[in-house]
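File shown here: my_file-v1.tsv, holding TSV, C-alpha atoms and all ligand atoms.
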chain	number	residue	atom	x	y	z
A	25	MET	CA	62.90	-25.91	103.25
A	26	ALA	CA	60.47	-24.29	100.87
A	27	ASN	CA	62.15	-23.57	97.57
A	28	PHE	CA	60.31	-20.30	97.04
A	29	LYS	CA	60.01	-18.02	100.05
A	30	ALA	CA	57.23	-15.62	100.99
A	31	VAL	CA	58.22	-12.02	101.74
A	32	LYS	CA	56.92	-10.13	104.75
A	33	VAL	CA	55.35	-6.80	103.76
A	34	THR	CA	53.79	-5.71	107.08
A	35	ASP	CA	53.09	-7.47	110.38
A	36	LYS	CA	50.05	-9.17	108.88
A	37	VAL	CA	50.71	-9.18	105.13
A	38	TYR	CA	52.99	-11.48	103.15
A	39	TRP	CA	53.74	-11.47	99.43
A	40	VAL	CA	53.19	-14.93	97.97
A	41	GLY	CA	53.34	-14.06	94.27
A	42	VAL	CA	55.52	-15.38	91.46
A	43	VAL	CA	58.08	-13.91	89.07
A	44	ASP	CA	57.63	-14.47	85.33
A	45	TRP	CA	61.10	-13.64	84.05
A	46	ALA	CA	60.39	-14.93	80.53
A	47	LEU	CA	57.19	-13.01	79.72
A	48	ARG	CA	57.64	-10.93	76.57
A	49	ASN	CA	54.07	-10.59	75.32
A	50	PHE	CA	51.09	-9.57	77.45
A	51	HIS	CA	48.10	-9.58	75.10
A	52	GLY	CA	49.95	-7.58	72.46
A	53	TYR	CA	51.99	-5.44	74.86
A	54	THR	CA	55.73	-6.20	74.67
A	55	THR	CA	57.06	-6.75	78.17
A	56	HIS	CA	60.80	-6.30	77.73
A	57	ARG	CA	61.53	-7.05	81.37
A	58	GLY	CA	59.02	-9.80	82.16
A	59	SER	CA	56.51	-9.41	84.99
A	60	THR	CA	55.36	-10.61	88.37
A	61	TYR	CA	51.93	-11.83	89.41
A	62	ASN	CA	51.55	-10.63	92.96
A	63	ALA	CA	49.31	-12.35	95.47
A	64	TYR	CA	49.15	-11.72	99.20
A	65	LEU	CA	48.27	-13.45	102.42
A	66	ILE	CA	46.69	-11.57	105.32
A	67	LEU	CA	47.28	-13.35	108.59
A	68	ASP	CA	44.73	-12.32	111.21
A	69	GLU	CA	42.17	-14.43	113.01
A	70	LYS	CA	41.10	-15.25	109.48
A	71	VAL	CA	43.70	-16.19	106.89
A	72	VAL	CA	42.95	-14.34	103.69
A	73	LEU	CA	44.42	-14.89	100.24
A	74	VAL	CA	44.25	-11.80	98.02
A	75	ASP	CA	44.26	-12.89	94.37
A	76	THR	CA	45.99	-15.88	92.79
A	77	VAL	CA	48.43	-16.14	89.86
A	78	LYS	CA	48.70	-17.51	86.33
A	79	THR	CA	48.15	-21.24	86.06
A	80	PRO	CA	51.67	-22.32	84.95
A	81	PHE	CA	53.06	-21.04	88.26
A	82	LYS	CA	51.06	-23.31	90.58
A	83	GLU	CA	54.06	-24.99	92.24
A	84	GLN	CA	55.91	-21.75	92.93
A	85	PHE	CA	52.74	-20.16	94.29
A	86	LEU	CA	51.96	-23.05	96.63
A	87	GLU	CA	55.54	-23.13	97.89
A	88	ARG	CA	55.43	-19.44	98.79
A	89	ILE	CA	52.12	-19.85	100.62
A	90	SER	CA	53.44	-22.93	102.39
A	91	ASP	CA	56.43	-20.92	103.57
A	92	VAL	CA	53.98	-18.98	105.76
A	93	ILE	CA	51.06	-21.30	106.44
A	94	GLU	CA	49.53	-24.53	105.26
A	95	PRO	CA	47.36	-23.59	102.24
A	96	GLU	CA	44.44	-25.54	103.70
A	97	LYS	CA	44.27	-22.96	106.54
A	98	ILE	CA	43.17	-20.19	104.16
A	99	ASP	CA	39.69	-19.07	105.28
A	100	TYR	CA	38.85	-16.41	102.71
A	101	ILE	CA	39.91	-15.69	99.15
A	102	ILE	CA	39.44	-12.22	97.69
A	103	SER	CA	39.38	-11.94	93.90
A	104	ASN	CA	40.07	-8.28	93.08
A	105	HIS	CA	40.18	-8.89	89.32
A	106	SER	CA	39.05	-11.79	87.18
A	107	GLU	CA	41.64	-11.52	84.40
A	108	MET	CA	43.44	-14.85	84.11
A	109	ASP	CA	46.84	-13.59	85.27
A	110	HIS	CA	45.22	-13.18	88.71
A	111	SER	CA	42.26	-15.53	88.69
A	112	GLY	CA	43.89	-18.37	86.73
A	113	LEU	CA	44.54	-20.50	89.79
A	114	LEU	CA	41.34	-19.52	91.62
A	115	PRO	CA	39.38	-22.67	90.64
A	116	PHE	CA	42.29	-24.83	91.75
A	117	MET	CA	42.67	-22.95	95.05
A	118	VAL	CA	38.94	-23.12	95.79
A	119	GLU	CA	39.04	-26.86	95.23
A	120	TYR	CA	42.31	-27.34	97.13
A	121	VAL	CA	41.79	-25.21	100.24
A	122	LYS	CA	37.98	-25.24	100.39
A	123	PRO	CA	37.77	-21.69	101.78
A	124	GLU	CA	34.89	-20.62	103.96
A	125	LYS	CA	34.16	-17.72	101.59
A	126	VAL	CA	35.28	-16.24	98.28
A	127	PHE	CA	34.70	-12.52	97.71
A	128	ALA	CA	34.51	-10.53	94.47
A	129	SER	CA	32.69	-7.45	93.20
A	130	SER	CA	29.23	-8.07	91.73
A	131	MET	CA	30.70	-7.79	88.23
A	132	GLY	CA	33.50	-10.10	89.37
A	133	VAL	CA	30.99	-12.73	90.48
A	134	LYS	CA	29.49	-12.68	86.97
A	135	ALA	CA	32.86	-12.66	85.20
A	136	LEU	CA	34.19	-15.58	87.25
A	137	ALA	CA	31.03	-17.59	86.55
A	138	GLU	CA	31.36	-16.90	82.83
A	139	GLN	CA	35.05	-17.71	82.75
A	140	PHE	CA	35.04	-20.86	84.82
A	141	HIS	CA	31.48	-22.15	84.26
A	142	TRP	CA	31.43	-23.16	87.90
A	143	ASP	CA	28.82	-23.27	90.63
A	144	VAL	CA	31.00	-21.78	93.38
A	145	ASP	CA	29.03	-19.47	95.65
A	146	VAL	CA	31.07	-16.25	95.46
A	147	VAL	CA	30.00	-13.45	97.82
A	148	ALA	CA	29.40	-10.18	95.93
A	149	VAL	CA	30.72	-7.09	97.72
A	150	LYS	CA	29.75	-3.51	96.90
A	151	ASP	CA	31.60	-0.24	97.06
A	152	GLY	CA	32.34	0.52	100.72
A	153	ASP	CA	31.42	-2.96	102.04
A	154	SER	CA	33.78	-4.40	104.61
A	155	ILE	CA	34.53	-7.75	106.19
A	156	SER	CA	36.11	-8.46	109.55
A	157	VAL	CA	39.20	-10.64	109.43
A	158	GLY	CA	39.78	-10.56	113.20
A	159	GLU	CA	41.44	-7.50	114.71
A	160	ASP	CA	41.49	-5.82	111.31
A	161	GLU	CA	38.96	-5.37	108.53
A	162	VAL	CA	39.08	-5.29	104.75
A	163	VAL	CA	37.10	-2.58	102.95
A	164	PHE	CA	36.24	-2.94	99.27
A	165	TYR	CA	36.17	-0.17	96.67
A	166	GLU	CA	34.84	-0.89	93.20
A	167	THR	CA	37.05	0.47	90.41
A	168	ARG	CA	34.88	-0.43	87.44
A	169	MET	CA	36.68	-0.34	84.07
A	170	LEU	CA	40.03	0.19	85.76
A	171	HIS	CA	40.62	-1.72	83.76
A	172	TRP	CA	37.91	-4.42	83.64
A	173	PRO	CA	34.26	-4.10	84.72
A	174	ASP	CA	34.92	-6.30	87.75
A	175	SER	CA	38.04	-4.56	89.07
A	176	MET	CA	38.12	-3.53	92.72
A	177	PHE	CA	40.54	-2.44	95.44
A	178	SER	CA	40.74	-4.11	98.85
A	179	TYR	CA	41.99	-2.01	101.76
A	180	LEU	CA	43.29	-3.53	104.98
A	181	LYS	CA	42.13	-0.70	107.16
A	182	GLY	CA	44.19	-1.10	110.33
A	183	GLU	CA	47.50	-1.73	108.60
A	184	ARG	CA	46.61	0.75	105.82
A	185	VAL	CA	47.58	-1.61	103.00
A	186	LEU	CA	45.87	-0.94	99.68
A	187	PHE	CA	45.66	-4.00	97.42
A	188	SER	CA	45.27	-2.11	94.17
A	189	GLN	CA	45.30	-5.00	91.64
A	190	ASP	CA	46.44	-3.70	88.22
A	191	ALA	CA	46.35	-0.02	89.23
A	192	PHE	CA	49.79	1.52	89.97
A	193	ALA	CA	51.35	-1.67	88.63
A	194	MET	CA	54.07	-2.33	86.07
A	195	HIS	CA	55.37	-5.29	84.14
A	196	LEU	CA	58.77	-5.71	85.71
A	197	ALA	CA	60.32	-8.99	86.78
A	198	THR	CA	62.74	-8.24	89.57
A	199	GLY	CA	64.27	-9.93	92.56
A	200	ALA	CA	63.63	-6.69	94.47
A	201	LEU	CA	60.11	-6.68	95.81
A	202	PHE	CA	59.89	-3.03	96.89
A	203	ALA	CA	59.93	0.09	94.75
A	204	ASP	CA	62.62	1.69	96.90
A	205	GLU	CA	64.96	-1.14	95.90
A	206	VAL	CA	64.57	-0.60	92.15
A	207	ASP	CA	66.35	1.93	89.93
A	208	ARG	CA	64.08	5.00	89.57
A	209	CYS	CA	64.52	5.36	85.77
A	210	THR	CA	63.40	1.76	85.30
A	211	LEU	CA	60.39	2.34	87.57
A	212	GLU	CA	59.43	5.53	85.75
A	213	TYR	CA	59.62	3.95	82.29
A	214	GLU	CA	57.84	0.72	83.19
A	215	ALA	CA	55.10	2.45	85.20
A	216	ALA	CA	54.45	4.85	82.29
A	217	THR	CA	54.47	1.97	79.79
A	218	TYR	CA	51.97	0.07	81.91
A	219	TYR	CA	49.71	3.11	82.25
A	220	ALA	CA	49.91	3.84	78.51
A	221	ASN	CA	49.08	0.31	77.44
A	222	ILE	CA	46.56	-0.74	80.09
A	223	LEU	CA	44.95	2.30	81.71
A	224	MET	CA	45.19	5.18	79.23
A	225	PRO	CA	41.73	4.55	77.69
A	226	TYR	CA	40.19	5.01	81.14
A	227	SER	CA	42.01	8.19	82.14
A	228	ASN	CA	38.80	10.07	82.98
A	229	LEU	CA	37.80	7.21	85.29
A	230	VAL	CA	41.22	7.41	86.96
A	231	LEU	CA	40.54	11.08	87.75
A	232	ASN	CA	37.07	10.19	89.07
A	233	LEU	CA	38.59	7.47	91.23
A	234	PHE	CA	40.95	9.99	92.83
A	235	LYS	CA	37.93	12.17	93.65
A	236	LYS	CA	36.06	9.19	95.10
A	237	LEU	CA	38.97	8.07	97.28
A	238	GLU	CA	39.44	11.61	98.60
A	239	LYS	CA	36.01	11.25	100.22
A	240	THR	CA	37.06	8.08	102.06
A	241	ASP	CA	39.57	7.50	104.83
A	242	VAL	CA	41.81	5.48	102.51
A	243	SER	CA	45.33	6.65	103.27
A	244	PRO	CA	47.72	3.82	102.43
A	245	VAL	CA	51.17	3.38	103.88
A	246	VAL	CA	51.63	0.43	101.53
A	247	ILE	CA	50.31	0.03	97.99
A	248	ALA	CA	50.45	-3.64	97.09
A	249	THR	CA	49.90	-3.95	93.34
A	250	ASP	CA	49.32	-7.08	91.28
A	251	HIS	CA	52.41	-6.60	89.06
A	252	GLY	CA	55.89	-5.31	89.83
A	253	PRO	CA	57.18	-3.67	92.99
A	254	ILE	CA	55.25	-2.77	96.15
A	255	TYR	CA	55.26	0.85	97.35
A	256	ARG	CA	56.03	1.18	101.06
A	257	ARG	CA	57.65	4.62	101.43
A	258	LYS	CA	55.56	7.78	101.51
A	259	GLU	CA	57.73	9.40	98.83
A	260	ASP	CA	57.21	6.43	96.49
A	261	ILE	CA	53.44	6.37	97.12
A	262	ASP	CA	53.25	10.13	96.47
A	263	TRP	CA	55.38	9.64	93.34
A	264	ILE	CA	53.15	6.99	91.74
A	265	LEU	CA	49.91	8.81	92.69
A	266	GLU	CA	51.21	12.08	91.25
A	267	ASN	CA	52.30	10.32	88.05
A	268	TYR	CA	48.86	8.75	87.69
A	269	ARG	CA	47.22	12.14	88.07
A	270	ARG	CA	49.57	13.63	85.43
A	271	TRP	CA	49.14	10.74	83.00
A	272	ALA	CA	45.36	10.76	83.45
A	273	GLU	CA	45.15	14.50	82.80
A	274	GLN	CA	47.49	14.36	79.77
A	275	LYS	CA	47.91	18.11	79.67
A	276	PRO	CA	49.85	19.38	76.62
A	277	VAL	CA	53.62	19.04	77.07
A	278	LYS	CA	56.48	20.41	74.99
A	279	LYS	CA	57.49	17.08	73.57
A	280	ALA	CA	56.75	15.51	70.19
A	281	VAL	CA	57.07	12.02	68.79
A	282	VAL	CA	57.53	11.32	65.08
A	283	VAL	CA	56.47	7.76	64.25
A	284	TYR	CA	57.07	6.33	60.78
A	285	ASP	CA	57.94	3.37	58.63
A	286	THR	CA	59.68	3.49	55.29
A	287	MET	CA	60.10	1.32	52.18
A	288	TRP	CA	63.13	2.86	50.44
A	289	GLY	CA	64.13	5.62	52.83
A	290	SER	CA	62.03	8.51	51.47
A	291	THR	CA	59.57	8.65	54.39
A	292	ALA	CA	62.56	8.31	56.74
A	293	LYS	CA	64.17	11.43	55.21
A	294	MET	CA	60.93	13.31	55.72
A	295	ALA	CA	60.73	12.15	59.36
A	296	HIS	CA	64.22	13.43	60.06
A	297	ALA	CA	63.49	16.82	58.45
A	298	ILE	CA	60.26	17.21	60.48
A	299	ALA	CA	62.13	16.32	63.67
A	300	ASP	CA	64.79	18.88	62.80
A	301	GLY	CA	62.10	21.56	62.43
A	302	ILE	CA	60.61	20.65	65.80
A	303	ALA	CA	64.00	20.69	67.53
A	304	ARG	CA	64.86	24.11	65.98
A	305	GLU	CA	61.94	25.53	67.96
A	306	GLY	CA	63.35	24.16	71.21
A	307	VAL	CA	60.78	21.40	71.57
A	308	ASP	CA	61.97	17.96	72.66
A	309	VAL	CA	61.42	15.36	69.96
A	310	ASN	CA	61.83	11.61	69.59
A	311	VAL	CA	61.78	9.75	66.27
A	312	VAL	CA	60.53	6.17	66.25
A	313	HIS	CA	61.13	3.92	63.25
A	314	LEU	CA	58.54	1.15	63.37
A	315	GLY	CA	61.01	-1.21	61.76
A	316	GLY	CA	62.67	-1.41	65.17
A	317	ALA	CA	59.98	-0.51	67.68
A	318	HIS	CA	56.91	-2.18	69.06
A	319	ARG	CA	53.45	-0.63	69.28
A	320	SER	CA	53.48	-0.73	73.08
A	321	ASP	CA	56.66	1.39	73.20
A	322	VAL	CA	55.04	3.88	70.84
A	323	ALA	CA	52.11	4.07	73.27
A	324	THR	CA	54.53	5.12	76.04
A	325	GLU	CA	56.00	7.84	73.82
A	326	VAL	CA	52.52	9.11	72.99
A	327	LEU	CA	51.52	9.24	76.68
A	328	LEU	CA	54.57	11.39	77.40
A	329	SER	CA	54.17	13.67	74.34
A	330	GLY	CA	51.98	16.55	73.28
A	331	ALA	CA	52.28	15.92	69.53
A	332	LEU	CA	52.04	12.78	67.42
A	333	ILE	CA	53.37	13.07	63.85
A	334	VAL	CA	52.84	9.96	61.74
A	335	GLY	CA	54.52	9.03	58.46
A	336	SER	CA	53.63	6.22	56.09
A	337	PRO	CA	54.54	5.22	52.56
A	338	THR	CA	51.65	4.19	50.32
A	339	LEU	CA	51.56	0.45	49.67
A	340	ASN	CA	48.87	-1.00	47.43
A	341	ASN	CA	46.73	2.15	47.84
A	342	ASN	CA	46.94	1.85	51.61
A	343	ILE	CA	48.84	2.82	54.74
A	344	PHE	CA	51.95	0.71	55.33
A	345	PRO	CA	50.94	-2.33	57.48
A	346	SER	CA	53.18	-1.49	60.47
A	347	VAL	CA	51.77	2.06	60.57
A	348	ALA	CA	48.19	0.75	60.32
A	349	ASP	CA	48.96	-1.61	63.22
A	350	VAL	CA	50.22	1.14	65.50
A	351	LEU	CA	47.41	3.56	64.60
A	352	THR	CA	44.75	0.92	65.25
A	353	TYR	CA	46.33	0.20	68.62
A	354	LEU	CA	46.71	3.88	69.56
A	355	LYS	CA	43.13	4.65	68.57
A	356	GLY	CA	41.93	2.03	71.06
A	357	LEU	CA	44.08	3.58	73.80
A	358	ARG	CA	42.29	6.94	73.34
A	359	PRO	CA	45.12	9.41	74.11
A	360	LYS	CA	43.88	12.93	74.97
A	361	ASN	CA	44.87	16.51	74.17
A	362	LEU	CA	47.25	15.75	71.29
A	363	ILE	CA	48.07	17.73	68.19
A	364	GLY	CA	49.47	15.95	65.17
A	365	ALA	CA	50.52	15.86	61.53
A	366	ALA	CA	50.74	13.37	58.67
A	367	PHE	CA	53.41	12.77	56.05
A	368	GLY	CA	54.64	10.13	53.66
A	369	SER	CA	55.99	9.24	50.25
A	370	TYR	CA	54.49	7.39	47.31
A	371	GLY	CA	55.25	6.32	43.75
A	372	TRP	CA	52.04	6.76	41.81
A	373	SER	CA	48.81	6.80	43.87
A	374	GLY	CA	49.65	8.31	47.31
A	375	GLU	CA	46.60	7.63	49.48
A	376	SER	CA	48.46	7.00	52.75
A	377	VAL	CA	48.89	10.59	53.97
A	378	LYS	CA	45.18	11.37	53.62
A	379	GLN	CA	44.34	8.08	55.37
A	380	VAL	CA	46.74	8.81	58.24
A	381	ARG	CA	45.26	12.29	58.60
A	382	GLU	CA	41.73	10.89	58.74
A	383	ILE	CA	42.68	8.40	61.44
A	384	LEU	CA	44.39	11.09	63.52
A	385	GLU	CA	41.32	13.30	63.20
A	386	SER	CA	39.05	10.40	64.15
A	387	MET	CA	41.13	10.14	67.36
A	388	GLY	CA	40.29	13.75	68.20
A	389	ILE	CA	43.79	14.95	67.34
A	390	GLU	CA	44.13	18.51	66.03
A	391	VAL	CA	46.05	18.02	62.75
A	392	VAL	CA	48.40	20.93	62.10
A	393	GLY	CA	49.34	19.95	58.55
A	394	GLU	CA	50.59	17.31	56.13
A	395	VAL	CA	53.32	16.78	53.53
A	396	SER	CA	53.45	14.23	50.71
A	397	SER	CA	56.42	13.37	48.53
A	398	LYS	CA	56.33	11.69	45.12
A	399	TYR	CA	59.24	9.22	45.17
A	400	VAL	CA	62.39	10.63	46.82
A	401	PRO	CA	61.87	14.01	48.56
A	402	ASP	CA	63.88	16.85	47.03
A	403	GLY	CA	65.11	19.99	48.79
A	404	GLU	CA	61.77	21.74	48.38
A	405	VAL	CA	59.81	18.86	49.94
A	406	LEU	CA	62.28	18.57	52.81
A	407	SER	CA	61.97	22.28	53.38
A	408	ARG	CA	58.18	21.86	53.68
A	409	CYS	CA	58.79	19.01	56.14
A	410	ARG	CA	60.98	21.31	58.28
A	411	GLU	CA	58.30	23.97	58.12
A	412	LEU	CA	55.70	21.42	59.24
A	413	GLY	CA	57.93	20.54	62.19
A	414	VAL	CA	58.29	24.22	63.07
A	415	ASN	CA	54.51	24.71	62.88
A	416	VAL	CA	53.84	21.71	65.11
A	417	ALA	CA	56.35	23.00	67.67
A	418	LYS	CA	54.90	26.53	67.61
A	419	ARG	CA	51.36	25.24	68.12
A	420	LEU	CA	52.55	23.02	70.97
A	421	LYS	CA	54.26	25.94	72.68
A	422	GLU	CA	51.09	27.98	72.27
A	423	LEU	CA	49.04	25.24	73.92
A	424	CYS	CA	51.61	24.92	76.72
A	425	GLY	CA	51.48	28.66	77.32
A	426	ASN	CA	55.03	29.53	76.21
B	501	LIG	FE1	47.04	-8.02	85.53
B	501	LIG	FE2	44.13	-7.01	84.10
B	501	LIG	O1	45.37	-8.27	84.71
Is it possible to give me this structure as structure tokens?
Amino acid sequence: MANFKAVKVTDKVYWVGVVDWALRNFHGYTTHRGSTYNAYLILDEKVVLVDTVKTPFKEQFLERISDVIEPEKIDYIISNHSEMDHSGLLPFMVEYVKPEKVFASSMGVKALAEQFHWDVDVVAVKDGDSISVGEDEVVFYETRMLHWPDSMFSYLKGERVLFSQDAFAMHLATGALFADEVDRCTLEYEAATYYANILMPYSNLVLNLFKKLEKTDVSPVVIATDHGPIYRRKEDIDWILENYRRWAEQKPVKKAVVVYDTMWGSTAKMAHAIADGIAREGVDVNVVHLGGAHRSDVATEVLLSGALIVGSPTLNNNIFPSVADVLTYLKGLRPKNLIGAAFGSYGWSGESVKQVREILESMGIEVVGEVSSKYVPDGEVLSRCRELGVNVAKRLKELCGN
């Protein structure tokens, strides 16, 4: 008996991925709940493997494939994305099963050659190309920069299964393979966290992709992602597509996040006063102390907020290191349509607030104001912090139309 079983998704599609329960760091993104690396078999006249998994999971992967079919019977391998969590075992599988053909996008062909320094003849497919697999066919759609240059979707046309690689995915290790079997709050948080940390910089391309797909006959009844649960109910597919549209648009929302770190509690007092001012105006606010939060969780908060208020003490004429870390990360993620503010305390030089403001402005954020405090904030400074919070909330309401 195979130790690890495959899971039937449709008549012709089986999940043969692996679960990485222990993963806590995905290139700088904290994955509190681990992840899965999903791979799929299509069983038609041709046997097709869609993507592989990370190299340490070779045994588990082979056992799941073997639960359905002898690996040597795989005819085609499709590489939707050349990042190592999906292509890691591709060289091994090519050597092991000797497939008739390997398919990737033209950028994928280049990326695989540069990663593996191999001489495998990978067939480049273009947007709209299709291959017959027997009764059914697979159509390819390039999704460049979502989120790598090589990324593409594969669509099993007859069964209407969209293999969407990283798109619509989430880092969530779970024994439940389908989205309808997972708690909705967990899905919502992990899907948003994944979007914020992986796809947010490419939000305009996400919107363009929606427009492109509307002109095709792609109408999936299953979305089979490369991480986390598979969507198989119409309501779940509609839910994730609608969320992607909302996250890609990032229209102003009546929610603010105050992000800060503190040395001796002064910047913390200011953060709490600003949050109080925001809440007094009826705007939802969350306060994140970087002493206990990771940059990738801040990214989620920013995706779901309309205002980003950042506080930093001055340390050695600079922004506090944890605040610099999160701002550098957020700048790379290119959030849209935010307003913001800067605040912080200092002992004698006090450069940090100006530096935070400059970074926020360089991110295209409309900065509503700033407050500095020399040493511990007194009643007057805290009053200015509350006023700043009120002003942020009022501007946000104005932008939201109420
Ligand atoms: Fe899941 Fe971009 O790799």
For ligand LIG 501 (chain B), collect every residue having any atom at a distance of at most 8 Å from a ligand atom (counting all atoms listed in the file); output as a list in words. Tyr61, His105, Ser106, Glu107, Met108, Asp109, His110, His171, Trp172, Gln189, Asp190, Ile222, Asp250 and His251 of chain A
Minimum-distance residue to Ser175 (chain A), chosen among A:Met131, A:Asp145, A:Phe367, A:Cys209 (using all atoms listed in the file): A:Met131
Long-range neighbours of Asn342 (chain A) as a ChimeraX atom specification, 12 Å cut-off, only C-alpha atoms, 5 positions minimum in chain: /A:336-337,347-348,368-370,373-380
Those residues with C-alpha atoms, as a short mmCIF file (atom, residue, chain, number, x, y, z; two decimals), in the frame of the given file please?
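Everything below was put into out.cif:
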data_model
loop_
_atom_site.label_atom_id
_atom_site.label_comp_id
_atom_site.auth_asym_id
_atom_site.auth_seq_id
_atom_site.Cartn_x
_atom_site.Cartn_y
_atom_site.Cartn_z
CA SER A 336 53.63 6.22 56.09
CA PRO A 337 54.54 5.22 52.56
CA VAL A 347 51.77 2.06 60.57
CA ALA A 348 48.19 0.75 60.32
CA GLY A 368 54.64 10.13 53.66
CA SER A 369 55.99 9.24 50.25
CA TYR A 370 54.49 7.39 47.31
CA SER A 373 48.81 6.80 43.87
CA GLY A 374 49.65 8.31 47.31
CA GLU A 375 46.60 7.63 49.48
CA SER A 376 48.46 7.00 52.75
CA VAL A 377 48.89 10.59 53.97
CA LYS A 378 45.18 11.37 53.62
CA GLN A 379 44.34 8.08 55.37
CA VAL A 380 46.74 8.81 58.24
#
Using all atoms listed in the file, can you list as a PyMOL selection string the residues within 12 Å of (46.3, 7.1, 105.6)? chain A and resi 179-186+237-238+240-247+258+261-262
Contacts of Met287 (chain A) within 12 Å, only C-alpha atoms, excl. fewer than 4 positions in-chain, as number ranges by chain: A: 291-293, 313-315, 335-339, 343-347, 368-371, 399-400
Selection export as a short mmCIF file (atom, residue, chain, number, x, y, z; two decimals), keeping the file's coordinate frame, atoms kept: C-alpha atoms:
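Generated output (selection-v3.cif):
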data_model
loop_
_atom_site.label_atom_id
_atom_site.label_comp_id
_atom_site.auth_asym_id
_atom_site.auth_seq_id
_atom_site.Cartn_x
_atom_site.Cartn_y
_atom_site.Cartn_z
CA THR A 291 59.57 8.65 54.39
CA ALA A 292 62.56 8.31 56.74
CA LYS A 293 64.17 11.43 55.21
CA HIS A 313 61.13 3.92 63.25
CA LEU A 314 58.54 1.15 63.37
CA GLY A 315 61.01 -1.21 61.76
CA GLY A 335 54.52 9.03 58.46
CA SER A 336 53.63 6.22 56.09
CA PRO A 337 54.54 5.22 52.56
CA THR A 338 51.65 4.19 50.32
CA LEU A 339 51.56 0.45 49.67
CA ILE A 343 48.84 2.82 54.74
CA PHE A 344 51.95 0.71 55.33
CA PRO A 345 50.94 -2.33 57.48
CA SER A 346 53.18 -1.49 60.47
CA VAL A 347 51.77 2.06 60.57
CA GLY A 368 54.64 10.13 53.66
CA SER A 369 55.99 9.24 50.25
CA TYR A 370 54.49 7.39 47.31
CA GLY A 371 55.25 6.32 43.75
CA TYR A 399 59.24 9.22 45.17
CA VAL A 400 62.39 10.63 46.82
#
